[in-house]
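One structure below.
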Amino acid sequence: MGKSQPGIRVGTRAFAIGGLTALLVSCAQPNAAGARTIVEDFESASSFGQWTFSNGAEFPGATGAFQRSEGRHGRGGSLNFAFTCVTPESCGAYVGAELELDSPLRPAPHSVLSFQALPYPHADIAIRLRDESGQTLQYPIAATTIEQQASSGWRRLSLPLDRFADEHWGGANNGRLSGGIISISVLARGGGPMRGALGLDDIQITDVAEQTYGLDTNLGPDPTTLPVDAPEIGVNVANFENPEALGAAREAGVSVVRADLTWNAVERDGRFVFANADVWLEHLAQRGLRALWILDYGHDDHGGGGAVRSEADRAAFQRYVSASAAHFRGHGVSYEVWNEPDVEGDRYYEPADFGELVRDAAAAVRAADPRAPIVTGGLSWGDYGYFAAMFGALGNAAPVSAIGFHPYRGGAPENAAGDFGQINAMIAQALPPATPIWVTEWGYSAAEGSADERAAATRAQQGIQLARQMLTAWAVHAPLAVWYELRDRGEEARSSEQSFGLLDFGGQPKPALDALRTFTQAAARRRLTGVLQDMPEAAHGLRLEGEHDTMFVLWTEAPDGRLVINTPQSALIEARDVFGATLPIARAVAQASFTLTGSEGPIYLRVSR
C-alpha cells in the first residue's frame, strides 16, 4: 500500500479543501464526514517503492517520472511528464503513476475517492482503476471545480465510485466496479507538446452514506470579490409551433427562446422570406421573451444542404446572414452561427474552417445590426483541440460577443466546471479579454431505460439534474444558460432523444418545470456571493445575497448518501426543496436539521441577515 504496514489504514480525520476561488466562503463550524480509508499520504519513506511509472507506450512520445516532492500537507508525489510528437500525427498522450494494492480494496456502496492535486494548467487528469474481474475503468477528473476555479494552487478532487466509467475494457467490461479495487492509477494527459508536472497528495476513500455539516448562517459575503448575477435562462424550441407552451416557459423564469432560423426555410429562389419567423417573434414579444436565432444549416441550392464548403456557397451564406440581421434589427435578437459544427456528419466543419465561417458571419451581422449579440455555434462536449483551432482562426479581434458551448455529459453537471476552466484559459490566450462562454444548449433526458444508462433518469431526477445544471452554470459565471428543451419531441417515454422537455409531448408540465421555477425564484434579485469551501465529500453549497435576506443552496452528488445539514433555526425564514415544496422547520428546538441525498436534489434555505 506504500505505507509502513501492508493493507489499508482507516481513520476519521477532518480535512479542509485547499485553495481560494473567486468567490470564497469558509465555514467555522466543525463538520463530520463518514469513515475514511487513507490509501496514500506519501509520508512513509517506503511509499514510492510500491508505485510504478508508465509512459503510455501505445502513444510514443511521452517521457517522465513519478518522484517524491512537497505535498499539500507534508510530503507528496510529483508526476512529471514531457509530451512530444514523433510525427505530426503521432504524439505522446499520457503518463501514469500506478499503485498496486497489497489486497483488494472493497469500498462501501456510497464511497468517494478523493485526492489533493496541484494541476498543470494545460494537462488533463484521469483516474484509472482495475477491479477483481480484470476490468479497467477510466474516469476523467476536472481539475477545475465550482469550489476552486483558480488556475493554480492545490485543490481536492473527487470521484464518486458509483459513477459509470467514461472508458472501460477487459474483465466484466460493464463500466462499473466489479468486485474490489486491485490498483489505482493517476494519469496526466496531454493535448500536444508540453512539459510539466502534476502534484499528488492525500489519496483517500470516504464513505458518504452518512455525513453531517454545520451551516453557519452568520457568514458574510467575501468582501474581496464582486457578486455575480444569475445566468439569464433560455429554452430551446424545436420549431415554430405550439406557441401556447411559451407561457409556461415565461412563468418559470425563461427570458430567451432559442430556435433555428433555418437557411433552407428562409431563402426561396433567391428571395428571403421571414413570415413564419415574424409570427413567432410576435408570440415571443407578447410574453416578454427574446429570440436567439440559430443561423443554420446548409441550403439545397448552395452545396446540397450540408456544411458550407465552396467560396460561392460561403458568399451565399453571408447574404442569408446579412438579410436576417437587417430584417430583425431593433427587435433585440441574438444570433448563434451554426449548431454543433464538431459533430460528425454533413454539418461538420474542420475547426479552422468553422472559425473562418463564424468570423465572416459575425462581420455580416455587425454590418447590418451593430448592436446584435453574436455567439459562436455551440460545440458539443469539450473538445479542447477544436476550441483552440477555432479560436486561432477567429483571431484576437474576433467580432463575437460570446463563445457557445453545449456541456452535455452523462455524469454530474458539476464536472462541467473543468471544461469551463480549460476553455476560459484558451479564451484568455487567443481572444479579446473577458469574452464569456454562453451555454446555448444543455439538458438531461427524463427517459428511463435509454440506451445510455448514464443519462437515464426518472422525471423527478431530470428536475434535480436541471437544478444542479443551473447552479453549476451560475457558479462558473455563465451569463446565459439554455435548457434543451421546452417540449418533448415524442410520446415514447423510454426514448432518450424524445424526453428532454420541460413539458411532455401533450404540453403538460413535468417536474423539471417546477425545478426551473424554484431556481429562478431563488435567483431573482439575488447575486452569488460565495461558494462554500468546507462542504463534505461530493457536496456543494452556494451563498446568494438579496437586498433583505440571504439564501444558501446545498446539495450532494452522492445518489444515496445522506448529508445531514444542521443550522441554527432562529435565523431561518423558510426552507424549500428542489421543486419548491416547503420543508418543515422545527421551531421548538435551537437547531434545525435537513437531510440531503443526491436522489432528492438541492434545498434552498432562506435566512435573515
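Each chain in the C-alpha cells gets a letter, A, B, ..., in the order shown, and its residues are numbered from 1; ligands are numbered from 1 in order too.
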Which range 201-302 of chain A residues have any atom within 8 Å of an atom of range 317-325 of chain A, and for each, what is the nearest pair of atoms with distance in Å to one decimal, counting only C-alpha atoms, rows sorted by chain and number, as CSV?
residue,atom,partner,partner_atom,distance
A:Trp263,CA,A:Tyr320,CA,6.9
A:Glu267,CA,A:Tyr320,CA,7.3
A:Phe272,CA,A:Ala323,CA,7.2
A:Leu295,CA,A:Val321,CA,7.0
Long-range neighbours of Asn242 in chain A as a PyMOL selection string, 10 Å cut-off, only C-alpha atoms, 4 positions minimum in chain: chain A and resi 237-238+246+280+487+507
May I have a table of the residues of range 128-206 of chain A lying at most 10 Å from range 558-582 of chain A, giving each one's closest pair of atoms and their distance in Å to one decimal, counting only C-alpha atoms, ordered by chain and ascending residue number, as JSON lines?
{"residue": "A:Pro160", "atom": "CA", "partner": "A:Ala558", "partner_atom": "CA", "distance": 7.0}
{"residue": "A:Leu161", "atom": "CA", "partner": "A:Ala558", "partner_atom": "CA", "distance": 9.5}
{"residue": "A:Asp162", "atom": "CA", "partner": "A:Ala558", "partner_atom": "CA", "distance": 8.4}
{"residue": "A:Arg163", "atom": "CA", "partner": "A:Ala558", "partner_atom": "CA", "distance": 9.4}
Generate the output file for the selected residues, N, CA and C atoms, as an mmCIF file, in the first residue's frame.
data_model
loop_
_atom_site.group_PDB
_atom_site.id
_atom_site.type_symbol
_atom_site.label_atom_id
_atom_site.label_comp_id
_atom_site.auth_asym_id
_atom_site.auth_seq_id
_atom_site.Cartn_x
_atom_site.Cartn_y
_atom_site.Cartn_z
ATOM 1 N N PRO A 160 -16.874 10.021 -7.272
ATOM 2 C CA PRO A 160 -17.827 9.068 -6.695
ATOM 3 C C PRO A 160 -17.644 7.699 -7.347
ATOM 4 N N LEU A 161 -17.436 6.674 -6.536
ATOM 5 C CA LEU A 161 -17.093 5.361 -7.093
ATOM 6 C C LEU A 161 -18.290 4.620 -7.671
ATOM 7 N N ASP A 162 -19.491 5.177 -7.523
ATOM 8 C CA ASP A 162 -20.641 4.577 -8.214
ATOM 9 C C ASP A 162 -20.867 5.213 -9.577
ATOM 10 N N ARG A 163 -19.952 6.092 -9.995
ATOM 11 C CA ARG A 163 -20.056 6.730 -11.309
ATOM 12 C C ARG A 163 -19.734 5.730 -12.409
#
Range 251-253 of chain A surroundings by only C-alpha atoms, 8 Å radius, close-in-sequence under 5 positions cut, as a VMD selection string: chain A and resid 233 513 to 514 516 to 517 520 to 521
Using only C-alpha atoms, which residues of range 173-278 of chain A come within 12 Å of range 138-156 of chain A, and what is the closest atom pair for each, with the distance in Å to one decimal? Give it as CSV, sorted by chain and residue number.
residue,atom,partner,partner_atom,distance
A:Asn173,CA,A:Gln138,CA,11.5
A:Gly175,CA,A:Gln138,CA,8.8
A:Arg176,CA,A:Gln138,CA,10.2
A:Leu177,CA,A:Gln138,CA,10.9
A:Ser183,CA,A:Gln138,CA,11.9
A:Ile184,CA,A:Gln138,CA,10.1
A:Ser185,CA,A:Gln138,CA,9.2
A:Val186,CA,A:Gln138,CA,9.8
A:Leu187,CA,A:Pro140,CA,9.0
A:Ala188,CA,A:Pro140,CA,10.0
A:Arg189,CA,A:Pro140,CA,9.6
A:Leu198,CA,A:Trp154,CA,10.3
A:Gly199,CA,A:Trp154,CA,8.2
A:Leu200,CA,A:Trp154,CA,9.0
A:Asp201,CA,A:Arg156,CA,9.2
A:Asp202,CA,A:Arg156,CA,9.1
A:Ile203,CA,A:Arg156,CA,9.5
A:Gln204,CA,A:Arg156,CA,10.6
Point-to-point distance in Å for CA of Ala402 in chain A and CA of Pro479 in chain A: 9.5 Å
DSSP on the backbone: which residues in range 83-301 of chain A end up as alpha helix (DSSP H)? Give the answer as a CSV table (one decimal) with C-alpha atoms, in the first residue's frame.
chain,number,residue,atom,x,y,z
A,245,ALA,CA,-46.2,26.5,-24.4
A,246,LEU,CA,-44.3,29.7,-24.3
A,247,GLY,CA,-46.5,31.0,-21.4
A,248,ALA,CA,-45.3,28.1,-19.2
A,249,ALA,CA,-41.7,28.9,-20.0
A,250,ARG,CA,-42.1,32.6,-19.2
A,251,GLU,CA,-43.9,31.8,-15.9
A,263,TRP,CA,-31.5,28.9,-44.2
A,264,ASN,CA,-33.4,26.4,-46.3
A,265,ALA,CA,-36.7,27.8,-44.9
A,266,VAL,CA,-35.8,31.4,-45.3
A,275,ALA,CA,-43.0,35.4,-42.5
A,276,ASN,CA,-43.0,32.4,-40.2
A,277,ALA,CA,-40.2,33.8,-38.0
A,278,ASP,CA,-42.1,37.1,-37.8
A,279,VAL,CA,-45.2,35.4,-36.4
A,280,TRP,CA,-43.1,33.5,-33.9
A,281,LEU,CA,-41.2,36.7,-32.9
A,282,GLU,CA,-44.6,38.3,-32.2
A,283,HIS,CA,-45.6,35.5,-29.9
A,284,LEU,CA,-42.3,35.9,-28.0
A,285,ALA,CA,-42.7,39.7,-27.7
A,286,GLN,CA,-46.3,39.3,-26.3
Name the residues of range 151-398 of chain A that come out as strand (DSSP E or B) in a backbone DSSP run; write them as a PDB file with N, CA and C atoms, in the first residue's frame.
ATOM      1  N   ARG A 155      -5.840  21.683  -4.796  1.00  0.00           N
ATOM      2  CA  ARG A 155      -7.275  21.533  -4.602  1.00  0.00           C
ATOM      3  C   ARG A 155      -7.613  20.063  -4.435  1.00  0.00           C
ATOM      4  N   ARG A 156      -8.724  19.792  -3.710  1.00  0.00           N
ATOM      5  CA  ARG A 156      -9.165  18.405  -3.541  1.00  0.00           C
ATOM      6  C   ARG A 156     -10.117  18.046  -4.671  1.00  0.00           C
ATOM      7  N   LEU A 157      -9.794  16.957  -5.371  1.00  0.00           N
ATOM      8  CA  LEU A 157     -10.604  16.457  -6.473  1.00  0.00           C
ATOM      9  C   LEU A 157     -11.242  15.139  -6.069  1.00  0.00           C
ATOM     10  N   SER A 158     -12.448  14.894  -6.566  1.00  0.00           N
ATOM     11  CA  SER A 158     -13.227  13.754  -6.088  1.00  0.00           C
ATOM     12  C   SER A 158     -13.787  12.924  -7.234  1.00  0.00           C
ATOM     13  N   LEU A 159     -13.953  11.633  -6.966  1.00  0.00           N
ATOM     14  CA  LEU A 159     -14.577  10.696  -7.906  1.00  0.00           C
ATOM     15  C   LEU A 159     -15.549   9.804  -7.139  1.00  0.00           C
ATOM     16  N   PRO A 160     -16.874  10.021  -7.272  1.00  0.00           N
ATOM     17  CA  PRO A 160     -17.827   9.068  -6.695  1.00  0.00           C
ATOM     18  C   PRO A 160     -17.644   7.699  -7.347  1.00  0.00           C
ATOM     19  N   GLU A 167     -14.570   5.321 -19.894  1.00  0.00           N
ATOM     20  CA  GLU A 167     -13.970   4.284 -20.730  1.00  0.00           C
ATOM     21  C   GLU A 167     -13.773   3.046 -19.876  1.00  0.00           C
ATOM     22  N   HIS A 168     -13.936   1.883 -20.478  1.00  0.00           N
ATOM     23  CA  HIS A 168     -13.705   0.640 -19.733  1.00  0.00           C
ATOM     24  C   HIS A 168     -13.385  -0.483 -20.717  1.00  0.00           C
ATOM     25  N   TRP A 169     -12.560  -1.435 -20.249  1.00  0.00           N
ATOM     26  CA  TRP A 169     -12.191  -2.560 -21.104  1.00  0.00           C
ATOM     27  C   TRP A 169     -11.723  -3.720 -20.230  1.00  0.00           C
ATOM     28  N   ILE A 181     -11.173  -3.192  -5.695  1.00  0.00           N
ATOM     29  CA  ILE A 181     -10.174  -2.465  -6.481  1.00  0.00           C
ATOM     30  C   ILE A 181      -8.807  -3.084  -6.201  1.00  0.00           C
ATOM     31  N   ILE A 182      -8.067  -3.423  -7.248  1.00  0.00           N
ATOM     32  CA  ILE A 182      -6.749  -4.013  -7.037  1.00  0.00           C
ATOM     33  C   ILE A 182      -5.621  -3.058  -7.425  1.00  0.00           C
ATOM     34  N   SER A 183      -5.938  -1.973  -8.164  1.00  0.00           N
ATOM     35  CA  SER A 183      -4.906  -0.966  -8.426  1.00  0.00           C
ATOM     36  C   SER A 183      -5.574   0.372  -8.713  1.00  0.00           C
ATOM     37  N   ILE A 184      -4.845   1.436  -8.393  1.00  0.00           N
ATOM     38  CA  ILE A 184      -5.298   2.811  -8.621  1.00  0.00           C
ATOM     39  C   ILE A 184      -4.192   3.539  -9.374  1.00  0.00           C
ATOM     40  N   SER A 185      -4.537   4.147 -10.488  1.00  0.00           N
ATOM     41  CA  SER A 185      -3.580   4.925 -11.272  1.00  0.00           C
ATOM     42  C   SER A 185      -4.068   6.355 -11.416  1.00  0.00           C
ATOM     43  N   VAL A 186      -3.121   7.284 -11.384  1.00  0.00           N
ATOM     44  CA  VAL A 186      -3.400   8.692 -11.677  1.00  0.00           C
ATOM     45  C   VAL A 186      -2.683   9.028 -12.971  1.00  0.00           C
ATOM     46  N   LEU A 187      -3.410   9.607 -13.926  1.00  0.00           N
ATOM     47  CA  LEU A 187      -2.867   9.905 -15.245  1.00  0.00           C
ATOM     48  C   LEU A 187      -2.814  11.416 -15.464  1.00  0.00           C
ATOM     49  N   ALA A 188      -1.733  11.877 -16.090  1.00  0.00           N
ATOM     50  CA  ALA A 188      -1.653  13.228 -16.640  1.00  0.00           C
ATOM     51  C   ALA A 188      -1.702  13.092 -18.151  1.00  0.00           C
ATOM     52  N   ARG A 189      -2.636  13.791 -18.795  1.00  0.00           N
ATOM     53  CA  ARG A 189      -2.863  13.608 -20.229  1.00  0.00           C
ATOM     54  C   ARG A 189      -2.624  14.921 -20.968  1.00  0.00           C
ATOM     55  N   MET A 194       4.099  19.421 -24.626  1.00  0.00           N
ATOM     56  CA  MET A 194       4.154  20.200 -23.387  1.00  0.00           C
ATOM     57  C   MET A 194       5.038  19.475 -22.389  1.00  0.00           C
ATOM     58  N   ARG A 195       5.458  20.218 -21.395  1.00  0.00           N
ATOM     59  CA  ARG A 195       6.292  19.672 -20.338  1.00  0.00           C
ATOM     60  C   ARG A 195       5.800  20.264 -19.018  1.00  0.00           C
ATOM     61  N   GLY A 196       5.617  19.422 -17.989  1.00  0.00           N
ATOM     62  CA  GLY A 196       5.134  19.922 -16.710  1.00  0.00           C
ATOM     63  C   GLY A 196       5.087  18.832 -15.665  1.00  0.00           C
ATOM     64  N   ALA A 197       4.282  19.057 -14.644  1.00  0.00           N
ATOM     65  CA  ALA A 197       4.177  18.090 -13.547  1.00  0.00           C
ATOM     66  C   ALA A 197       2.809  18.209 -12.898  1.00  0.00           C
ATOM     67  N   LEU A 198       2.309  17.090 -12.393  1.00  0.00           N
ATOM     68  CA  LEU A 198       1.061  17.022 -11.638  1.00  0.00           C
ATOM     69  C   LEU A 198       1.404  16.622 -10.209  1.00  0.00           C
ATOM     70  N   GLY A 199       1.105  17.479  -9.240  1.00  0.00           N
ATOM     71  CA  GLY A 199       1.349  17.166  -7.839  1.00  0.00           C
ATOM     72  C   GLY A 199       0.221  16.359  -7.243  1.00  0.00           C
ATOM     73  N   LEU A 200       0.555  15.371  -6.367  1.00  0.00           N
ATOM     74  CA  LEU A 200      -0.438  14.496  -5.738  1.00  0.00           C
ATOM     75  C   LEU A 200      -0.184  14.414  -4.238  1.00  0.00           C
ATOM     76  N   ASP A 201      -1.261  14.255  -3.475  1.00  0.00           N
ATOM     77  CA  ASP A 201      -1.145  14.056  -2.037  1.00  0.00           C
ATOM     78  C   ASP A 201      -2.466  13.527  -1.506  1.00  0.00           C
ATOM     79  N   ASP A 202      -2.404  12.891  -0.353  1.00  0.00           N
ATOM     80  CA  ASP A 202      -3.571  12.514   0.458  1.00  0.00           C
ATOM     81  C   ASP A 202      -4.682  11.841  -0.352  1.00  0.00           C
ATOM     82  N   ILE A 203      -4.360  10.662  -0.898  1.00  0.00           N
ATOM     83  CA  ILE A 203      -5.378   9.875  -1.606  1.00  0.00           C
ATOM     84  C   ILE A 203      -6.174   9.090  -0.574  1.00  0.00           C
ATOM     85  N   GLN A 204      -7.492   9.206  -0.630  1.00  0.00           N
ATOM     86  CA  GLN A 204      -8.322   8.542   0.374  1.00  0.00           C
ATOM     87  C   GLN A 204      -9.680   8.194  -0.197  1.00  0.00           C
ATOM     88  N   ILE A 205     -10.363   7.300   0.488  1.00  0.00           N
ATOM     89  CA  ILE A 205     -11.724   6.923   0.111  1.00  0.00           C
ATOM     90  C   ILE A 205     -12.619   7.190   1.312  1.00  0.00           C
ATOM     91  N   THR A 206     -13.729   7.882   1.076  1.00  0.00           N
ATOM     92  CA  THR A 206     -14.648   8.262   2.139  1.00  0.00           C
ATOM     93  C   THR A 206     -16.010   7.641   1.902  1.00  0.00           C
ATOM     94  N   ASP A 207     -16.564   7.038   2.937  1.00  0.00           N
ATOM     95  CA  ASP A 207     -17.926   6.518   2.896  1.00  0.00           C
ATOM     96  C   ASP A 207     -18.871   7.689   3.147  1.00  0.00           C
ATOM     97  N   GLU A 210     -23.366   8.495   5.329  1.00  0.00           N
ATOM     98  CA  GLU A 210     -23.892   9.330   6.409  1.00  0.00           C
ATOM     99  C   GLU A 210     -22.849  10.392   6.749  1.00  0.00           C
ATOM    100  N   GLN A 211     -23.126  11.653   6.405  1.00  0.00           N
ATOM    101  CA  GLN A 211     -22.241  12.761   6.720  1.00  0.00           C
ATOM    102  C   GLN A 211     -23.061  13.886   7.354  1.00  0.00           C
ATOM    103  N   THR A 212     -22.394  14.750   8.096  1.00  0.00           N
ATOM    104  CA  THR A 212     -23.070  15.905   8.681  1.00  0.00           C
ATOM    105  C   THR A 212     -22.298  17.173   8.339  1.00  0.00           C
ATOM    106  N   TYR A 213     -23.020  18.287   8.331  1.00  0.00           N
ATOM    107  CA  TYR A 213     -22.424  19.576   8.014  1.00  0.00           C
ATOM    108  C   TYR A 213     -23.105  20.652   8.844  1.00  0.00           C
ATOM    109  N   GLY A 214     -22.326  21.473   9.507  1.00  0.00           N
ATOM    110  CA  GLY A 214     -22.869  22.581  10.276  1.00  0.00           C
ATOM    111  C   GLY A 214     -22.799  23.862   9.478  1.00  0.00           C
ATOM    112  N   VAL A 228     -21.920  37.960  -8.360  1.00  0.00           N
ATOM    113  CA  VAL A 228     -22.173  37.509  -9.729  1.00  0.00           C
ATOM    114  C   VAL A 228     -23.667  37.340  -9.945  1.00  0.00           C
ATOM    115  N   ASP A 229     -24.191  37.959 -10.996  1.00  0.00           N
ATOM    116  CA  ASP A 229     -25.602  37.816 -11.331  1.00  0.00           C
ATOM    117  C   ASP A 229     -25.901  36.399 -11.807  1.00  0.00           C
ATOM    118  N   GLU A 232     -28.931  34.395 -17.312  1.00  0.00           N
ATOM    119  CA  GLU A 232     -30.224  34.524 -17.966  1.00  0.00           C
ATOM    120  C   GLU A 232     -30.623  33.130 -18.441  1.00  0.00           C
ATOM    121  N   ILE A 233     -31.897  32.800 -18.320  1.00  0.00           N
ATOM    122  CA  ILE A 233     -32.347  31.441 -18.627  1.00  0.00           C
ATOM    123  C   ILE A 233     -33.030  31.412 -19.988  1.00  0.00           C
ATOM    124  N   GLY A 234     -32.597  30.473 -20.808  1.00  0.00           N
ATOM    125  CA  GLY A 234     -33.213  30.266 -22.101  1.00  0.00           C
ATOM    126  C   GLY A 234     -33.748  28.859 -22.231  1.00  0.00           C
ATOM    127  N   VAL A 235     -34.515  28.640 -23.277  1.00  0.00           N
ATOM    128  CA  VAL A 235     -35.026  27.305 -23.563  1.00  0.00           C
ATOM    129  C   VAL A 235     -35.033  27.115 -25.070  1.00  0.00           C
ATOM    130  N   ASN A 236     -34.724  25.913 -25.498  1.00  0.00           N
ATOM    131  CA  ASN A 236     -34.693  25.585 -26.918  1.00  0.00           C
ATOM    132  C   ASN A 236     -36.071  25.103 -27.378  1.00  0.00           C
ATOM    133  N   VAL A 256     -35.263  33.926 -22.728  1.00  0.00           N
ATOM    134  CA  VAL A 256     -34.718  33.783 -24.075  1.00  0.00           C
ATOM    135  C   VAL A 256     -35.202  32.469 -24.674  1.00  0.00           C
ATOM    136  N   VAL A 257     -35.606  32.508 -25.936  1.00  0.00           N
ATOM    137  CA  VAL A 257     -36.018  31.298 -26.653  1.00  0.00           C
ATOM    138  C   VAL A 257     -35.081  31.103 -27.835  1.00  0.00           C
ATOM    139  N   ARG A 258     -34.460  29.940 -27.884  1.00  0.00           N
ATOM    140  CA  ARG A 258     -33.503  29.602 -28.942  1.00  0.00           C
ATOM    141  C   ARG A 258     -34.202  28.725 -29.979  1.00  0.00           C
ATOM    142  N   ALA A 259     -34.089  29.105 -31.249  1.00  0.00           N
ATOM    143  CA  ALA A 259     -34.755  28.353 -32.314  1.00  0.00           C
ATOM    144  C   ALA A 259     -33.956  28.486 -33.601  1.00  0.00           C
ATOM    145  N   ASP A 260     -34.095  27.500 -34.479  1.00  0.00           N
ATOM    146  CA  ASP A 260     -33.428  27.515 -35.781  1.00  0.00           C
ATOM    147  C   ASP A 260     -34.096  28.522 -36.707  1.00  0.00           C
ATOM    148  N   GLU A 267     -34.596  31.251 -47.395  1.00  0.00           N
ATOM    149  CA  GLU A 267     -34.293  31.643 -48.767  1.00  0.00           C
ATOM    150  C   GLU A 267     -35.031  30.741 -49.747  1.00  0.00           C
ATOM    151  N   ARG A 268     -35.817  31.358 -50.599  1.00  0.00           N
ATOM    152  CA  ARG A 268     -36.594  30.625 -51.604  1.00  0.00           C
ATOM    153  C   ARG A 268     -36.371  31.285 -52.963  1.00  0.00           C
ATOM    154  N   ARG A 271     -34.841  34.665 -52.896  1.00  0.00           N
ATOM    155  CA  ARG A 271     -35.507  35.698 -52.091  1.00  0.00           C
ATOM    156  C   ARG A 271     -35.567  35.234 -50.640  1.00  0.00           C
ATOM    157  N   PHE A 272     -35.522  36.208 -49.719  1.00  0.00           N
ATOM    158  CA  PHE A 272     -35.544  35.899 -48.297  1.00  0.00           C
ATOM    159  C   PHE A 272     -36.926  36.220 -47.719  1.00  0.00           C
ATOM    160  N   ARG A 290     -37.269  37.071 -25.680  1.00  0.00           N
ATOM    161  CA  ARG A 290     -36.409  37.465 -26.790  1.00  0.00           C
ATOM    162  C   ARG A 290     -35.958  36.224 -27.551  1.00  0.00           C
ATOM    163  N   ALA A 291     -35.541  36.437 -28.793  1.00  0.00           N
ATOM    164  CA  ALA A 291     -35.139  35.324 -29.654  1.00  0.00           C
ATOM    165  C   ALA A 291     -33.616  35.212 -29.729  1.00  0.00           C
ATOM    166  N   LEU A 292     -33.138  33.974 -29.689  1.00  0.00           N
ATOM    167  CA  LEU A 292     -31.770  33.631 -30.068  1.00  0.00           C
ATOM    168  C   LEU A 292     -31.895  32.766 -31.316  1.00  0.00           C
ATOM    169  N   TRP A 293     -31.703  33.396 -32.474  1.00  0.00           N
ATOM    170  CA  TRP A 293     -31.823  32.663 -33.734  1.00  0.00           C
ATOM    171  C   TRP A 293     -30.537  31.900 -34.020  1.00  0.00           C
ATOM    172  N   ILE A 294     -30.680  30.637 -34.410  1.00  0.00           N
ATOM    173  CA  ILE A 294     -29.539  29.857 -34.874  1.00  0.00           C
ATOM    174  C   ILE A 294     -29.475  29.981 -36.392  1.00  0.00           C
ATOM    175  N   LEU A 295     -28.390  30.515 -36.895  1.00  0.00           N
ATOM    176  CA  LEU A 295     -28.205  30.663 -38.332  1.00  0.00           C
ATOM    177  C   LEU A 295     -27.617  29.359 -38.864  1.00  0.00           C
ATOM    178  N   HIS A 299     -27.951  24.918 -47.484  1.00  0.00           N
ATOM    179  CA  HIS A 299     -29.117  25.168 -48.341  1.00  0.00           C
ATOM    180  C   HIS A 299     -29.050  24.247 -49.548  1.00  0.00           C
ATOM    181  N   HIS A 302     -27.348  25.664 -52.463  1.00  0.00           N
ATOM    182  CA  HIS A 302     -25.977  26.144 -52.264  1.00  0.00           C
ATOM    183  C   HIS A 302     -25.146  25.063 -51.581  1.00  0.00           C
ATOM    184  N   GLY A 303     -24.816  24.040 -52.335  1.00  0.00           N
ATOM    185  CA  GLY A 303     -23.974  22.981 -51.798  1.00  0.00           C
ATOM    186  C   GLY A 303     -24.711  21.740 -51.365  1.00  0.00           C
ATOM    187  N   SER A 334     -30.629  37.932 -30.779  1.00  0.00           N
ATOM    188  CA  SER A 334     -29.243  37.472 -30.755  1.00  0.00           C
ATOM    189  C   SER A 334     -29.074  36.387 -31.799  1.00  0.00           C
ATOM    190  N   TYR A 335     -27.820  36.144 -32.208  1.00  0.00           N
ATOM    191  CA  TYR A 335     -27.556  35.181 -33.282  1.00  0.00           C
ATOM    192  C   TYR A 335     -26.474  34.197 -32.876  1.00  0.00           C
ATOM    193  N   GLU A 336     -26.743  32.920 -33.159  1.00  0.00           N
ATOM    194  CA  GLU A 336     -25.756  31.852 -32.976  1.00  0.00           C
ATOM    195  C   GLU A 336     -25.424  31.296 -34.352  1.00  0.00           C
ATOM    196  N   VAL A 337     -24.145  31.298 -34.686  1.00  0.00           N
ATOM    197  CA  VAL A 337     -23.728  30.888 -36.031  1.00  0.00           C
ATOM    198  C   VAL A 337     -23.500  29.382 -36.050  1.00  0.00           C
ATOM    199  N   ILE A 374     -23.693  38.227 -30.834  1.00  0.00           N
ATOM    200  CA  ILE A 374     -23.362  37.111 -31.726  1.00  0.00           C
ATOM    201  C   ILE A 374     -22.552  36.096 -30.934  1.00  0.00           C
ATOM    202  N   VAL A 375     -22.944  34.830 -31.018  1.00  0.00           N
ATOM    203  CA  VAL A 375     -22.244  33.759 -30.311  1.00  0.00           C
ATOM    204  C   VAL A 375     -21.824  32.702 -31.324  1.00  0.00           C
ATOM    205  N   THR A 376     -20.659  32.131 -31.117  1.00  0.00           N
ATOM    206  CA  THR A 376     -20.210  31.054 -31.998  1.00  0.00           C
ATOM    207  C   THR A 376     -21.115  29.846 -31.834  1.00  0.00           C
ATOM    208  N   LEU A 379     -20.306  24.196 -29.450  1.00  0.00           N
ATOM    209  CA  LEU A 379     -19.620  22.918 -29.631  1.00  0.00           C
ATOM    210  C   LEU A 379     -20.163  21.928 -28.615  1.00  0.00           C
ATOM    211  N   SER A 380     -20.356  20.702 -29.030  1.00  0.00           N
ATOM    212  CA  SER A 380     -20.859  19.678 -28.121  1.00  0.00           C
ATOM    213  C   SER A 380     -19.693  19.053 -27.359  1.00  0.00           C
TER     214      SER A 380
END
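Here the question is which of A:Phe42, A:Phe594, A:Trp474, A:Phe83 gets nearest to Ala416 in chain A using only C-alpha atoms, and that residue is A:Trp474.
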Å distance separating CA of Gly443 in chain A from CA of Ile127 in chain A, one decimal place: 25.9 Å
